[in-house]
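Below: the structure, in structure tokens.
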Amino acid sequence: MAATETLAAVSGSLGSIGYGLAAIGPGIGIGIIFGQGTQALARQPEAAGLIRANQILGFAFCEALALIGIVMPFVFGQ
């Protein structure tokens with residue numbers, strides 16, 4: 001067996017694999033935001049407006065990270 005033999009060839013963009021791995025972080029973050037928000041609403045229903053506003057703001061930041069992650073392979077790819 002020759003040392004230069006190729007066992008497997010990678011075709012396509014590795015950026016898509018990177019994005020798939022990078023999407024784990026915002027997914028976990030969004031889950032934590034809404035899980036903790038639900039607990040906060042159960043503990044203090046009178047603060048629902050403030051809690052919901054903070055949830056939406058946190059969701060927007062996490063989703064922005066995911067959108068940046070999907071754009072980066074196109075920006076820095078070949």
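Ordering of the structure tokens sets the chain letters (A, B, ...), residue numbers begin anew at 1 in every chain, and ligands are numbered from 1 in the order given.
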
Would you kindly return, as a list in words, each protein, DNA or RNA residue with an atom no farther than 10 Å from any atom of range 44-61 of chain A, considering only C-alpha atoms and excluding same-chain residues fewer than 5 positions away?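 Neighbouring residues, sequence-local ones excluded: Pro26, Gly27, Gly29, Ile30, Gly31, Ile32, Ile33, Phe34, Gly35, Gln36, Gly37, Thr38, Gln39, Ala66 and Leu67 of chain A.
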
Please dump the current selection as an mmCIF file, in the first residue's frame; keep N, CA and C atoms.
data_model
loop_
_atom_site.group_PDB
_atom_site.id
_atom_site.type_symbol
_atom_site.label_atom_id
_atom_site.label_comp_id
_atom_site.auth_asym_id
_atom_site.auth_seq_id
_atom_site.Cartn_x
_atom_site.Cartn_y
_atom_site.Cartn_z
ATOM 1 N N PRO A 26 -25.722 28.611 19.113
ATOM 2 C CA PRO A 26 -26.963 29.386 19.200
ATOM 3 C C PRO A 26 -28.182 28.537 19.524
ATOM 4 N N GLY A 27 -28.199 27.293 19.077
ATOM 5 C CA GLY A 27 -29.324 26.415 19.414
ATOM 6 C C GLY A 27 -29.413 26.166 20.903
ATOM 7 N N GLY A 29 -28.122 28.152 23.180
ATOM 8 C CA GLY A 29 -28.440 29.446 23.788
ATOM 9 C C GLY A 29 -29.915 29.769 23.743
ATOM 10 N N ILE A 30 -30.551 29.506 22.612
ATOM 11 C CA ILE A 30 -31.984 29.771 22.485
ATOM 12 C C ILE A 30 -32.779 28.865 23.418
ATOM 13 N N GLY A 31 -32.349 27.617 23.535
ATOM 14 C CA GLY A 31 -33.020 26.711 24.462
ATOM 15 C C GLY A 31 -32.913 27.184 25.898
ATOM 16 N N ILE A 32 -31.752 27.669 26.280
ATOM 17 C CA ILE A 32 -31.569 28.173 27.643
ATOM 18 C C ILE A 32 -32.417 29.418 27.872
ATOM 19 N N ILE A 33 -32.440 30.319 26.884
ATOM 20 C CA ILE A 33 -33.208 31.562 27.025
ATOM 21 C C ILE A 33 -34.683 31.262 27.290
ATOM 22 N N PHE A 34 -35.277 30.412 26.456
ATOM 23 C CA PHE A 34 -36.708 30.165 26.612
ATOM 24 C C PHE A 34 -37.009 29.247 27.792
ATOM 25 N N GLY A 35 -36.102 28.356 28.131
ATOM 26 C CA GLY A 35 -36.308 27.516 29.313
ATOM 27 C C GLY A 35 -36.287 28.338 30.589
ATOM 28 N N GLN A 36 -35.290 29.204 30.713
ATOM 29 C CA GLN A 36 -35.199 30.039 31.906
ATOM 30 C C GLN A 36 -36.302 31.095 31.926
ATOM 31 N N GLY A 37 -36.687 31.570 30.744
ATOM 32 C CA GLY A 37 -37.785 32.538 30.681
ATOM 33 C C GLY A 37 -39.091 31.936 31.145
ATOM 34 N N THR A 38 -39.331 30.686 30.779
ATOM 35 C CA THR A 38 -40.540 29.999 31.227
ATOM 36 C C THR A 38 -40.532 29.828 32.742
ATOM 37 N N GLN A 39 -39.389 29.492 33.290
ATOM 38 C CA GLN A 39 -39.291 29.382 34.756
ATOM 39 C C GLN A 39 -39.521 30.732 35.426
ATOM 40 N N ALA A 66 -26.158 32.989 14.682
ATOM 41 C CA ALA A 66 -26.383 31.921 13.713
ATOM 42 C C ALA A 66 -26.367 32.466 12.290
ATOM 43 N N LEU A 67 -26.945 33.631 12.074
ATOM 44 C CA LEU A 67 -26.949 34.220 10.735
ATOM 45 C C LEU A 67 -25.558 34.642 10.301
#

Neighbour list for Ser16 in chain A as a list in words, cut-off 10 Å, only C-alpha atoms, skip fewer than 3 positions in-chain: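 What passes the distance filter is Gly12, Ser13, Tyr19, Gly20, Leu21, Ala22, Gly69, Ile70, Met72, Pro73 and Phe74 of chain A.
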